[in-house]
Amino acid sequence: MTDLKQPPPDPTPPQWRRPRGVAPGTWQYLHQRTIAVHYDAFVADTPLCHLDDEFLAELFPRRETAGCRVADLGCGTGRSAIPLARRGYDVVAIDLSRPMLQNLMRRVTQEIPTDSQPDSPVGRIFPVQANLVELDSLADDSIDHTICMFSTLGMIQGRANRNAVLQHGRRMTRNGGRLVIHVHHRAAWFAEPGGMRRWLASAVKAWTRKDHEFGDHVYAYRGLSQMFLHRFSQREITTAVRQAGWTVDQVHRIAADGTGFLSRRPRLPSKIGGFIVVAQ
């Protein structure tokens, strides 16, 4: 566990220090203090964030007894972790971004009550600064449930590295525990300006270059020119989850505008913005 009171690291560390699975643009993102400071305001009106929150609230309702532990992979500033703690869950909040974790703990001191009642427990939040690909320091069977929301898995570069994240989650999670994971859909590109060109470019690069996988995308984001995101097909994400040792229970298709779930598969794949997968 990281001592968050230590002096902040160099905001622009050299690229050779990048850990496994971290793309060059993501390395910048992780160390941009201004992005962490304004993150909550930036996503406040994002429909997908509200959908995530509502889904997790239904899947993890208020507890009457303390002690259930949830690992939040890529916790950011606590958008999921803090509501879970309020509902009585202990949260192991894992992120590689020190600024994000520092803002998370500021929020904890302001928003988490300290007077927990026996019939309405308040959970604790344990911040851990770590690369999601390298979670060997966390013990086997030490977590009850694992979540990885808001396309955090897609920010990991390389299929082998993304699989390692899912395998760590399986190793850490006790039998009977859940995995909840959100990813963006590759075909949603077709509904975006220039999306067909990006889809074709990604397909060609995946065929001709070993360092590119179909669905990889580098784009400009909040002042950063090389932000990385991998977009999935439904088969790709469910296969990866199963190969990591999970049993897929539910696959929810998210509408392209992020406002809700689709009750059935649409005729146009571009109508699907992403997926939330629930596995045991």
# chains A, B, ... in the order shown; residues from 1 in each chain; ligands from 1
call {"tool": "residues_around", "arguments": {"residues": "range 127-136 of chain A", "least_positions_apart": "5", "cutoff": "7 Å", "atoms": "only C-alpha atoms", "output": "PyMOL selection string"}}
result
chain A and resi 1-2+20-21+73+92-98+101+161+164-165+168
call {"tool": "write_last_selection", "arguments": {"atoms": "N, CA, C and O atoms", "output": "short mmCIF file (atom, residue, chain, number, x, y, z; two decimals), in the first residue's frame"}}
result
data_model
loop_
_atom_site.label_atom_id
_atom_site.label_comp_id
_atom_site.auth_asym_id
_atom_site.auth_seq_id
_atom_site.Cartn_x
_atom_site.Cartn_y
_atom_site.Cartn_z
N MET A 1 0.84 -1.18 0.00
CA MET A 1 0.00 0.00 0.00
C MET A 1 0.88 1.24 0.00
O MET A 1 1.90 1.28 0.68
N THR A 2 0.47 2.27 -0.73
CA THR A 2 1.30 3.45 -0.92
C THR A 2 1.03 4.49 0.14
O THR A 2 -0.10 4.74 0.53
N ARG A 20 4.44 -2.44 -17.80
CA ARG A 20 3.77 -3.28 -18.79
C ARG A 20 2.33 -2.82 -19.01
O ARG A 20 1.61 -2.51 -18.05
N GLY A 21 1.92 -2.80 -20.29
CA GLY A 21 0.54 -2.52 -20.61
C GLY A 21 0.15 -1.06 -20.63
O GLY A 21 -0.99 -0.74 -20.95
N LEU A 73 -10.66 -2.02 -9.76
CA LEU A 73 -9.49 -1.93 -10.63
C LEU A 73 -9.59 -0.69 -11.51
O LEU A 73 -10.51 -0.56 -12.31
N VAL A 92 -10.86 -2.08 -1.89
CA VAL A 92 -9.44 -1.98 -2.21
C VAL A 92 -9.37 -1.21 -3.52
O VAL A 92 -9.69 -1.74 -4.58
N ALA A 93 -9.01 0.07 -3.44
CA ALA A 93 -9.07 0.99 -4.57
C ALA A 93 -7.70 1.05 -5.25
O ALA A 93 -6.76 1.63 -4.70
N ILE A 94 -7.61 0.45 -6.44
CA ILE A 94 -6.31 0.26 -7.10
C ILE A 94 -6.23 1.15 -8.33
O ILE A 94 -7.12 1.11 -9.20
N ASP A 95 -5.16 1.92 -8.43
CA ASP A 95 -4.94 2.76 -9.61
C ASP A 95 -3.45 3.04 -9.71
O ASP A 95 -2.76 3.12 -8.69
N LEU A 96 -2.96 3.20 -10.93
CA LEU A 96 -1.55 3.53 -11.12
C LEU A 96 -1.30 5.03 -11.01
O LEU A 96 -0.17 5.45 -10.81
N SER A 97 -2.36 5.83 -11.07
CA SER A 97 -2.21 7.28 -11.02
C SER A 97 -2.20 7.77 -9.58
O SER A 97 -3.21 7.70 -8.87
N ARG A 98 -1.08 8.30 -9.16
CA ARG A 98 -0.99 8.85 -7.81
C ARG A 98 -1.91 10.07 -7.63
O ARG A 98 -2.59 10.17 -6.61
N LEU A 101 -5.41 8.85 -6.91
CA LEU A 101 -5.56 8.30 -5.56
C LEU A 101 -5.56 9.40 -4.50
O LEU A 101 -6.29 9.31 -3.51
N ASN A 161 -1.53 -8.44 -21.82
CA ASN A 161 -1.60 -7.63 -20.60
C ASN A 161 -3.03 -7.52 -20.08
O ASN A 161 -3.27 -7.58 -18.87
N ALA A 164 -3.85 -10.64 -18.39
CA ALA A 164 -3.21 -10.71 -17.07
C ALA A 164 -4.06 -10.02 -16.01
O ALA A 164 -4.15 -10.47 -14.86
N VAL A 165 -4.69 -8.90 -16.38
CA VAL A 165 -5.57 -8.19 -15.44
C VAL A 165 -6.73 -9.10 -15.03
O VAL A 165 -7.05 -9.23 -13.84
N HIS A 168 -5.46 -11.91 -12.76
CA HIS A 168 -5.23 -11.44 -11.38
C HIS A 168 -6.55 -11.31 -10.64
O HIS A 168 -6.66 -11.68 -9.47
#
call {"tool": "select_by_dssp", "arguments": {"residues": "range 86-274 of chain A", "states": "helix (DSSP H, G or I)", "output": "JSON, numbers by chain"}}
result
{"A": [86, 98, 99, 100, 101, 102, 103, 104, 105, 106, 107, 108, 109, 110, 111, 153, 154, 155, 159, 160, 161, 162, 163, 164, 165, 166, 167, 168, 169, 170, 171, 172, 186, 187, 188, 189, 190, 191, 195, 196, 197, 198, 199, 200, 201, 202, 203, 204, 205, 206, 207, 208, 234, 235, 236, 237, 238, 239, 240, 241, 242, 243, 269, 270, 271]}
call {"tool": "select_by_dssp", "arguments": {"residues": "range 5-162 of chain A", "states": "strand (DSSP E)", "output": "count of residues only"}}
result
20
call {"tool": "closest_residue", "arguments": {"among": "A:Val22, A:Leu30, A:Met149, A:Leu138", "to": "Asp53 in chain A", "atoms": "only C-alpha atoms"}}
result
A:Met149
call {"tool": "residues_around", "arguments": {"residues": "Trp189 in chain A", "least_positions_apart": "5", "cutoff": "10 Å", "atoms": "only C-alpha atoms", "output": "tab-separated table (two decimals) with C-alpha atoms, in the first residue's frame"}}
result
chain	number	residue	atom	x	y	z
A	184	HIS	CA	-16.42	-0.04	-25.29
A	194	GLY	CA	-14.54	9.37	-39.32
A	195	GLY	CA	-15.35	6.08	-37.61
A	196	MET	CA	-15.35	3.97	-40.76
A	197	ARG	CA	-11.88	5.24	-41.61
A	198	ARG	CA	-10.61	4.42	-38.10
A	199	TRP	CA	-12.18	0.94	-38.24
A	215	GLY	CA	-9.69	-2.31	-32.00
A	231	ARG	CA	-12.42	-1.38	-28.22
A	256	ALA	CA	-24.58	3.99	-28.15
A	269	PRO	CA	-24.00	-3.13	-34.54
A	270	SER	CA	-23.15	0.58	-34.29
A	271	LYS	CA	-26.17	1.00	-31.99
A	272	ILE	CA	-24.21	-0.87	-29.28
A	273	GLY	CA	-21.85	1.49	-27.47
call {"tool": "atom_distance", "arguments": {"atom1": "CA of Arg159 in chain A", "atom2": "CA of Val183 in chain A"}}
result
13.7 Å
call {"tool": "closest_residue", "arguments": {"among": "A:Asp45, A:Asp140, A:Glu111, A:Glu58", "to": "Arg174 in chain A", "atoms": "only C-alpha atoms"}}
result
A:Asp140
call {"tool": "residues_around", "arguments": {"residues": "Asp144 in chain A", "least_positions_apart": "4", "cutoff": "12 Å", "atoms": "only C-alpha atoms", "output": "ChimeraX atom specification"}}
result
/A:60,67-72,89-92,140,169-179,280
call {"tool": "write_last_selection", "arguments": {"atoms": "C-alpha atoms", "output": "short mmCIF file (atom, residue, chain, number, x, y, z; two decimals), in the first residue's frame"}}
result
data_model
loop_
_atom_site.label_atom_id
_atom_site.label_comp_id
_atom_site.auth_asym_id
_atom_site.auth_seq_id
_atom_site.Cartn_x
_atom_site.Cartn_y
_atom_site.Cartn_z
CA PHE A 60 -24.22 -4.45 -4.77
CA GLY A 67 -16.69 -7.25 6.01
CA CYS A 68 -17.40 -7.72 2.29
CA ARG A 69 -14.37 -6.60 0.26
CA VAL A 70 -14.49 -5.30 -3.32
CA ALA A 71 -11.45 -4.62 -5.51
CA ASP A 72 -11.98 -1.59 -7.76
CA TYR A 89 -18.41 -2.49 1.41
CA ASP A 90 -14.69 -2.33 2.12
CA VAL A 91 -13.00 -1.26 -1.12
CA VAL A 92 -9.44 -1.98 -2.21
CA ASP A 140 -5.00 -15.15 -3.56
CA GLY A 169 -8.86 -10.64 -10.69
CA ARG A 170 -9.72 -14.35 -10.78
CA ARG A 171 -6.79 -15.25 -8.55
CA MET A 172 -7.63 -12.61 -5.96
CA THR A 173 -11.40 -13.22 -5.93
CA ARG A 174 -12.85 -15.93 -3.72
CA ASN A 175 -14.98 -18.67 -5.27
CA GLY A 176 -18.53 -17.44 -5.70
CA GLY A 177 -17.43 -13.84 -6.10
CA ARG A 178 -18.40 -11.64 -9.03
CA LEU A 179 -16.46 -9.85 -11.72
CA GLN A 280 -18.75 -15.62 -11.43
#
call {"tool": "residues_around", "arguments": {"residues": "Ser151 in chain A", "least_positions_apart": "3", "cutoff": "10 Å", "atoms": "only C-alpha atoms", "output": "CSV table (one decimal) with N, CA, C and O atoms, in the first residue's frame"}}
result
chain,number,residue,atom,x,y,z
A,74,GLY,N,-8.6,0.2,-11.4
A,74,GLY,CA,-8.7,1.5,-12.1
A,74,GLY,C,-9.7,2.4,-11.4
A,74,GLY,O,-10.6,2.9,-12.0
A,148,CYS,N,-14.3,-3.5,-12.7
A,148,CYS,CA,-13.3,-2.8,-13.5
A,148,CYS,C,-14.2,-2.0,-14.5
A,148,CYS,O,-14.6,-2.6,-15.6
A,154,GLY,N,-9.9,-1.4,-21.4
A,154,GLY,CA,-9.5,-1.0,-22.7
A,154,GLY,C,-8.3,-0.1,-22.7
A,154,GLY,O,-7.7,0.1,-23.8
A,155,MET,N,-8.0,0.5,-21.6
A,155,MET,CA,-6.8,1.4,-21.5
A,155,MET,C,-5.5,0.6,-21.4
A,155,MET,O,-4.4,1.2,-21.5
A,156,ILE,N,-5.6,-0.7,-21.2
A,156,ILE,CA,-4.4,-1.5,-21.1
A,156,ILE,C,-4.0,-1.9,-22.5
A,156,ILE,O,-4.8,-2.5,-23.3
A,181,ILE,N,-17.4,-5.9,-15.3
A,181,ILE,CA,-16.4,-5.2,-16.2
A,181,ILE,C,-17.1,-4.5,-17.3
A,181,ILE,O,-18.1,-5.0,-17.9
A,182,HIS,N,-16.7,-3.3,-17.6
A,182,HIS,CA,-17.3,-2.5,-18.7
A,182,HIS,C,-16.2,-2.3,-19.8
A,182,HIS,O,-15.1,-2.0,-19.5
A,183,VAL,N,-16.6,-2.4,-21.1
A,183,VAL,CA,-15.7,-2.1,-22.2
A,183,VAL,C,-16.5,-1.4,-23.3
A,183,VAL,O,-17.7,-1.5,-23.3
A,184,HIS,N,-15.8,-0.7,-24.1
A,184,HIS,CA,-16.4,0.0,-25.3
A,184,HIS,C,-16.5,-1.0,-26.5
A,184,HIS,O,-15.6,-1.9,-26.6
A,185,HIS,N,-17.5,-0.8,-27.3
A,185,HIS,CA,-17.7,-1.7,-28.5
A,185,HIS,C,-17.0,-1.2,-29.7
A,185,HIS,O,-17.1,0.0,-30.0
A,229,LEU,N,-6.9,3.6,-26.3
A,229,LEU,CA,-8.0,2.8,-25.9
A,229,LEU,C,-8.2,1.6,-26.9
A,229,LEU,O,-8.1,1.8,-28.1
A,230,HIS,N,-8.5,0.4,-26.3
A,230,HIS,CA,-8.8,-0.7,-27.1
A,230,HIS,C,-10.3,-0.9,-27.0
A,230,HIS,O,-10.9,-1.0,-25.9
A,231,ARG,N,-11.0,-1.1,-28.2
A,231,ARG,CA,-12.4,-1.4,-28.2
A,231,ARG,C,-12.6,-2.8,-28.6
A,231,ARG,O,-11.9,-3.4,-29.4
A,232,PHE,N,-13.6,-3.4,-28.0
A,232,PHE,CA,-13.9,-4.9,-28.1
A,232,PHE,C,-15.1,-5.2,-28.9
A,232,PHE,O,-16.0,-4.5,-29.0
A,274,GLY,N,-21.3,-0.3,-26.0
A,274,GLY,CA,-20.3,-1.1,-25.2
A,274,GLY,C,-21.0,-2.2,-24.5
A,274,GLY,O,-22.2,-2.5,-24.7
A,275,PHE,N,-20.3,-2.9,-23.5
A,275,PHE,CA,-20.9,-4.0,-22.8
A,275,PHE,C,-20.5,-3.9,-21.3
A,275,PHE,O,-19.4,-3.5,-21.0
A,276,ILE,N,-21.4,-4.4,-20.5
A,276,ILE,CA,-21.1,-4.7,-19.1
A,276,ILE,C,-21.3,-6.2,-18.9
A,276,ILE,O,-22.3,-6.8,-19.2
call {"tool": "atom_distance", "arguments": {"atom1": "CA of Ala255 in chain A", "atom2": "CA of Ser80 in chain A"}}
result
20.6 Å
call {"tool": "atom_distance", "arguments": {"atom1": "CA of Asn103 in chain A", "atom2": "CA of Thr34 in chain A"}}
result
10.8 Å
call {"tool": "decode", "arguments": {"residues": "range 15-26 of chain A", "atoms": "all heavy atoms", "output": "PDB file, in the first residue's frame"}}
result
ATOM      1  N   GLN A  15       9.614   8.002 -20.674  1.00  0.00           N
ATOM      2  CA  GLN A  15       8.835   6.896 -21.223  1.00  0.00           C
ATOM      3  C   GLN A  15       9.460   5.538 -20.931  1.00  0.00           C
ATOM      4  O   GLN A  15       8.745   4.527 -20.855  1.00  0.00           O
ATOM      5  CB  GLN A  15       8.661   7.089 -22.734  1.00  0.00           C
ATOM      6  CG  GLN A  15       7.719   8.223 -23.119  1.00  0.00           C
ATOM      7  CD  GLN A  15       6.259   7.894 -22.828  1.00  0.00           C
ATOM      8  OE1 GLN A  15       5.864   6.732 -22.756  1.00  0.00           O
ATOM      9  NE2 GLN A  15       5.454   8.926 -22.635  1.00  0.00           N
ATOM     10  N   TRP A  16      10.783   5.500 -20.731  1.00  0.00           N
ATOM     11  CA  TRP A  16      11.390   4.187 -20.497  1.00  0.00           C
ATOM     12  C   TRP A  16      10.959   3.593 -19.166  1.00  0.00           C
ATOM     13  O   TRP A  16      11.135   2.394 -18.918  1.00  0.00           O
ATOM     14  CB  TRP A  16      12.917   4.279 -20.573  1.00  0.00           C
ATOM     15  CG  TRP A  16      13.576   5.201 -19.578  1.00  0.00           C
ATOM     16  CD1 TRP A  16      13.975   6.480 -19.800  1.00  0.00           C
ATOM     17  CD2 TRP A  16      13.938   4.910 -18.217  1.00  0.00           C
ATOM     18  NE1 TRP A  16      14.551   7.026 -18.671  1.00  0.00           N
ATOM     19  CE2 TRP A  16      14.544   6.075 -17.682  1.00  0.00           C
ATOM     20  CE3 TRP A  16      13.808   3.791 -17.403  1.00  0.00           C
ATOM     21  CZ2 TRP A  16      15.004   6.148 -16.369  1.00  0.00           C
ATOM     22  CZ3 TRP A  16      14.270   3.855 -16.088  1.00  0.00           C
ATOM     23  CH2 TRP A  16      14.865   5.023 -15.600  1.00  0.00           C
ATOM     24  N   ARG A  17      10.335   4.406 -18.312  1.00  0.00           N
ATOM     25  CA  ARG A  17       9.869   3.906 -17.017  1.00  0.00           C
ATOM     26  C   ARG A  17       8.450   3.336 -17.094  1.00  0.00           C
ATOM     27  O   ARG A  17       7.917   2.868 -16.095  1.00  0.00           O
ATOM     28  CB  ARG A  17       9.917   5.035 -15.986  1.00  0.00           C
ATOM     29  CG  ARG A  17      11.331   5.438 -15.589  1.00  0.00           C
ATOM     30  CD  ARG A  17      11.327   6.615 -14.621  1.00  0.00           C
ATOM     31  NE  ARG A  17      10.508   6.352 -13.445  1.00  0.00           N
ATOM     32  CZ  ARG A  17      10.234   7.280 -12.517  1.00  0.00           C
ATOM     33  NH1 ARG A  17      10.693   8.513 -12.655  1.00  0.00           N
ATOM     34  NH2 ARG A  17       9.494   6.978 -11.471  1.00  0.00           N
ATOM     35  N   ARG A  18       7.848   3.380 -18.266  1.00  0.00           N
ATOM     36  CA  ARG A  18       6.480   2.871 -18.392  1.00  0.00           C
ATOM     37  C   ARG A  18       6.394   1.394 -17.999  1.00  0.00           C
ATOM     38  O   ARG A  18       7.148   0.575 -18.500  1.00  0.00           O
ATOM     39  CB  ARG A  18       5.986   3.004 -19.836  1.00  0.00           C
ATOM     40  CG  ARG A  18       5.497   4.386 -20.211  1.00  0.00           C
ATOM     41  CD  ARG A  18       4.854   4.364 -21.583  1.00  0.00           C
ATOM     42  NE  ARG A  18       5.799   4.079 -22.644  1.00  0.00           N
ATOM     43  CZ  ARG A  18       5.664   3.127 -23.543  1.00  0.00           C
ATOM     44  NH1 ARG A  18       4.626   2.306 -23.497  1.00  0.00           N
ATOM     45  NH2 ARG A  18       6.564   2.950 -24.492  1.00  0.00           N
ATOM     46  N   PRO A  19       5.413   1.028 -17.147  1.00  0.00           N
ATOM     47  CA  PRO A  19       5.215  -0.389 -16.817  1.00  0.00           C
ATOM     48  C   PRO A  19       4.537  -1.138 -17.958  1.00  0.00           C
ATOM     49  O   PRO A  19       4.095  -0.538 -18.941  1.00  0.00           O
ATOM     50  CB  PRO A  19       4.293  -0.344 -15.584  1.00  0.00           C
ATOM     51  CG  PRO A  19       4.274   1.081 -15.139  1.00  0.00           C
ATOM     52  CD  PRO A  19       4.559   1.904 -16.351  1.00  0.00           C
ATOM     53  N   ARG A  20       4.438  -2.441 -17.800  1.00  0.00           N
ATOM     54  CA  ARG A  20       3.768  -3.285 -18.786  1.00  0.00           C
ATOM     55  C   ARG A  20       2.326  -2.824 -19.007  1.00  0.00           C
ATOM     56  O   ARG A  20       1.609  -2.513 -18.054  1.00  0.00           O
ATOM     57  CB  ARG A  20       3.727  -4.734 -18.312  1.00  0.00           C
ATOM     58  CG  ARG A  20       5.025  -5.501 -18.420  1.00  0.00           C
ATOM     59  CD  ARG A  20       4.867  -6.863 -17.761  1.00  0.00           C
ATOM     60  NE  ARG A  20       3.717  -7.603 -18.287  1.00  0.00           N
ATOM     61  CZ  ARG A  20       3.127  -8.611 -17.653  1.00  0.00           C
ATOM     62  NH1 ARG A  20       3.566  -8.986 -16.457  1.00  0.00           N
ATOM     63  NH2 ARG A  20       2.113  -9.236 -18.188  1.00  0.00           N
ATOM     64  N   GLY A  21       1.925  -2.803 -20.285  1.00  0.00           N
ATOM     65  CA  GLY A  21       0.538  -2.524 -20.607  1.00  0.00           C
ATOM     66  C   GLY A  21       0.152  -1.061 -20.633  1.00  0.00           C
ATOM     67  O   GLY A  21      -0.989  -0.736 -20.948  1.00  0.00           O
ATOM     68  N   VAL A  22       1.099  -0.162 -20.306  1.00  0.00           N
ATOM     69  CA  VAL A  22       0.798   1.265 -20.266  1.00  0.00           C
ATOM     70  C   VAL A  22       1.307   1.917 -21.551  1.00  0.00           C
ATOM     71  O   VAL A  22       2.512   1.919 -21.816  1.00  0.00           O
ATOM     72  CB  VAL A  22       1.436   1.945 -19.033  1.00  0.00           C
ATOM     73  CG1 VAL A  22       1.129   3.439 -19.028  1.00  0.00           C
ATOM     74  CG2 VAL A  22       0.933   1.284 -17.751  1.00  0.00           C
ATOM     75  N   ALA A  23       0.396   2.462 -22.348  1.00  0.00           N
ATOM     76  CA  ALA A  23       0.765   3.115 -23.596  1.00  0.00           C
ATOM     77  C   ALA A  23       1.387   4.479 -23.320  1.00  0.00           C
ATOM     78  O   ALA A  23       1.192   5.049 -22.234  1.00  0.00           O
ATOM     79  CB  ALA A  23      -0.477   3.276 -24.482  1.00  0.00           C
ATOM     80  N   PRO A  24       2.141   5.036 -24.276  1.00  0.00           N
ATOM     81  CA  PRO A  24       2.788   6.334 -24.051  1.00  0.00           C
ATOM     82  C   PRO A  24       1.827   7.440 -23.623  1.00  0.00           C
ATOM     83  O   PRO A  24       2.102   8.193 -22.679  1.00  0.00           O
ATOM     84  CB  PRO A  24       3.426   6.641 -25.414  1.00  0.00           C
ATOM     85  CG  PRO A  24       3.700   5.304 -26.002  1.00  0.00           C
ATOM     86  CD  PRO A  24       2.555   4.437 -25.567  1.00  0.00           C
ATOM     87  N   GLY A  25       0.676   7.537 -24.302  1.00  0.00           N
ATOM     88  CA  GLY A  25      -0.274   8.574 -23.930  1.00  0.00           C
ATOM     89  C   GLY A  25      -0.900   8.343 -22.572  1.00  0.00           C
ATOM     90  O   GLY A  25      -1.164   9.292 -21.819  1.00  0.00           O
ATOM     91  N   THR A  26      -1.144   7.080 -22.238  1.00  0.00           N
ATOM     92  CA  THR A  26      -1.700   6.749 -20.924  1.00  0.00           C
ATOM     93  C   THR A  26      -0.714   7.097 -19.825  1.00  0.00           C
ATOM     94  O   THR A  26      -1.104   7.532 -18.732  1.00  0.00           O
ATOM     95  CB  THR A  26      -2.058   5.259 -20.863  1.00  0.00           C
ATOM     96  OG1 THR A  26      -2.857   4.914 -21.995  1.00  0.00           O
ATOM     97  CG2 THR A  26      -2.815   4.934 -19.594  1.00  0.00           C
TER      98      THR A  26
END
